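K.L.:
Mind looking over this structure? Questions follow.
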Amino acid sequence: MKRRKPYNHRARLQAYLRAMLRTNHVAVVDAEVSEVQTLINWQSAALITSNSRTAIVDAVCDIPHQWCIYLAALCRDHTGKRYMKAVEVAPQGVYLAKDLERVIETYSVELRDGCNPRHLQGMAWIAIPDSVSLEESQADRIFDAVGAWPTASKSA
């Protein structure tokens, strides 16, 4: 006869927190120009400001996730038209949010070096604690929502 697997409170709590992040479409956004790092609903591009924000922050920071990271170099050409060069990275393994900095930095340097320095306005990234792929239009809408794009007067 098979013995029943014992109850694992920690595994059950982690599964609940991951489900909460998935259903709320939570993503972490960081923008260099506006110096903002915040939580956002990646599907609706709305900032997460509810009473459950503390629980969401704990869920993002305290348990390891398999991340999908959208890195973008925000640029503006000589006519003032904005564009972005982007790469989507899905690092192998699970990481805590605090350990993402090293992963993001390695890809960010490569992306920055591939841009025209006269067009580059700043760097930004969106990290989703799930294996979700973003389209460029979604990322652009998210960057607009957090004010990641510098104003046209700042362009050279």
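Going by the structure tokens order, chains are called A, B, ..., each with residues numbered from 1, while ligands are numbered from 1 in the order shown.
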Residues near region 39-54 of chain A, anyone? I mean within 9 Å using only C-alpha atoms, not counting same-chain ones fewer than 6 positions away, as a PyMOL selection string.

P.N.:
chain A and resi 24-29+126+128+134+138-139+141-146

K.L.:
What is the distance between CA of His119 (chain A) and CA of Met84 (chain A), in Å to one decimal?

P.N.:
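We find that CA of His119 (chain A) and CA of Met84 (chain A) lie 9.9 Å from each other.
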
K.L.:
Can you write out as a Markdown table which residues of region 66-136 of chain A fall within 10 Å of region 55-60 of chain A, alongside each residue's closest atom pair and its distance in Å to one decimal, counting only C-alpha atoms and ordering rows by chain and ascending residue number?

P.N.:
```
| residue | atom | partner | partner_atom | distance |
| --- | --- | --- | --- | --- |
| A:Leu96 | CA | A:Val60 | CA | 8.0 |
| A:Ala97 | CA | A:Val60 | CA | 6.7 |
| A:Lys98 | CA | A:Val60 | CA | 9.9 |
| A:Ile128 | CA | A:Val60 | CA | 9.4 |
| A:Pro129 | CA | A:Val60 | CA | 7.2 |
```

K.L.:
Run DSSP on the backbone and give me the residues of chain A it puts in helix (DSSP H, G or I), as a ChimeraX atom specification.

P.N.:
/A:9-23,53-62,97-113,136-145,152-154

K.L.:
DSSP on the backbone, strand (DSSP E or B) only: what residues of chain A does that give? Format it as a PDB file with C-alpha atoms, in the first residue's frame.

P.N.:
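Saved result, result02.pdb, follows:
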```pdb
ATOM      1  CA  VAL A  26       2.162  41.142 -12.056  1.00  0.00           C
ATOM      2  CA  ALA A  27       5.416  42.465 -13.507  1.00  0.00           C
ATOM      3  CA  VAL A  28       8.293  44.497 -12.111  1.00  0.00           C
ATOM      4  CA  VAL A  29       9.213  47.530 -14.223  1.00  0.00           C
ATOM      5  CA  ASP A  30      12.426  49.520 -13.931  1.00  0.00           C
ATOM      6  CA  ALA A  31      13.150  52.644 -15.976  1.00  0.00           C
ATOM      7  CA  VAL A  36      11.192  54.350 -11.176  1.00  0.00           C
ATOM      8  CA  GLN A  37      10.898  50.742 -10.109  1.00  0.00           C
ATOM      9  CA  THR A  38       7.360  49.581  -9.522  1.00  0.00           C
ATOM     10  CA  LEU A  39       4.842  46.793  -9.854  1.00  0.00           C
ATOM     11  CA  ILE A  40       2.459  46.892 -12.779  1.00  0.00           C
ATOM     12  CA  ASN A  41      -0.258  44.758 -14.314  1.00  0.00           C
ATOM     13  CA  ALA A  46      -2.063  49.751 -14.698  1.00  0.00           C
ATOM     14  CA  LEU A  47       0.059  50.371 -11.622  1.00  0.00           C
ATOM     15  CA  HIS A  65      10.507  32.335  -9.820  1.00  0.00           C
ATOM     16  CA  CYS A  68      10.887  36.318 -18.374  1.00  0.00           C
ATOM     17  CA  ILE A  69      12.692  39.651 -18.810  1.00  0.00           C
ATOM     18  CA  TYR A  70      12.027  42.203 -21.541  1.00  0.00           C
ATOM     19  CA  LEU A  71      15.038  44.540 -21.850  1.00  0.00           C
ATOM     20  CA  ALA A  72      14.746  47.687 -23.945  1.00  0.00           C
ATOM     21  CA  ALA A  73      17.053  50.465 -25.041  1.00  0.00           C
ATOM     22  CA  LEU A  74      14.839  53.537 -25.391  1.00  0.00           C
ATOM     23  CA  CYS A  75      16.007  55.662 -28.299  1.00  0.00           C
ATOM     24  CA  ARG A  76      14.972  58.781 -30.201  1.00  0.00           C
ATOM     25  CA  ARG A  82      11.113  57.343 -30.658  1.00  0.00           C
ATOM     26  CA  TYR A  83      11.985  53.697 -31.094  1.00  0.00           C
ATOM     27  CA  MET A  84      13.336  50.896 -28.977  1.00  0.00           C
ATOM     28  CA  LYS A  85      15.755  48.068 -29.445  1.00  0.00           C
ATOM     29  CA  ALA A  86      14.688  45.176 -27.290  1.00  0.00           C
ATOM     30  CA  VAL A  87      15.569  41.645 -26.357  1.00  0.00           C
ATOM     31  CA  GLU A  88      13.541  39.136 -24.365  1.00  0.00           C
ATOM     32  CA  VAL A  89      15.475  36.892 -22.016  1.00  0.00           C
ATOM     33  CA  TYR A  95      15.842  33.206  -9.246  1.00  0.00           C
ATOM     34  CA  LEU A 120      20.086  56.310 -26.750  1.00  0.00           C
ATOM     35  CA  GLN A 121      17.853  57.969 -24.141  1.00  0.00           C
ATOM     36  CA  GLY A 122      17.949  55.291 -21.450  1.00  0.00           C
ATOM     37  CA  MET A 123      17.428  51.658 -20.548  1.00  0.00           C
ATOM     38  CA  ALA A 124      14.331  49.996 -19.124  1.00  0.00           C
ATOM     39  CA  TRP A 125      13.199  46.467 -18.343  1.00  0.00           C
ATOM     40  CA  ILE A 126      10.083  44.495 -17.488  1.00  0.00           C
ATOM     41  CA  ALA A 127      10.492  41.313 -15.435  1.00  0.00           C
ATOM     42  CA  ILE A 128       7.547  38.918 -15.255  1.00  0.00           C
TER      43      ILE A 128
END
```

K.L.:
Excluding same-chain residues fewer than 3 positions from region 3-15 of chain A, what lies within 8 Å of it counting only C-alpha atoms, as number ranges by chain?

P.N.:
A: 18-19, 63

K.L.:
Just the number, please: distance in Å from CA of Glu136 (chain A) to CA of Val109 (chain A), one decimal.

P.N.:
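Distance reported for this atom pair: 20.1 Å.
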
K.L.:
With only C-alpha atoms as the atoms that count, which of A:Ser108, A:Arg118, A:Glu101, A:Val132 lies nearest to Trp67 (chain A)?

P.N.:
A:Val132

K.L.:
Between CA of Leu111 (chain A) and CA of Pro64 (chain A), what is the spacing in Å?

P.N.:
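The value is 25.7 Å.
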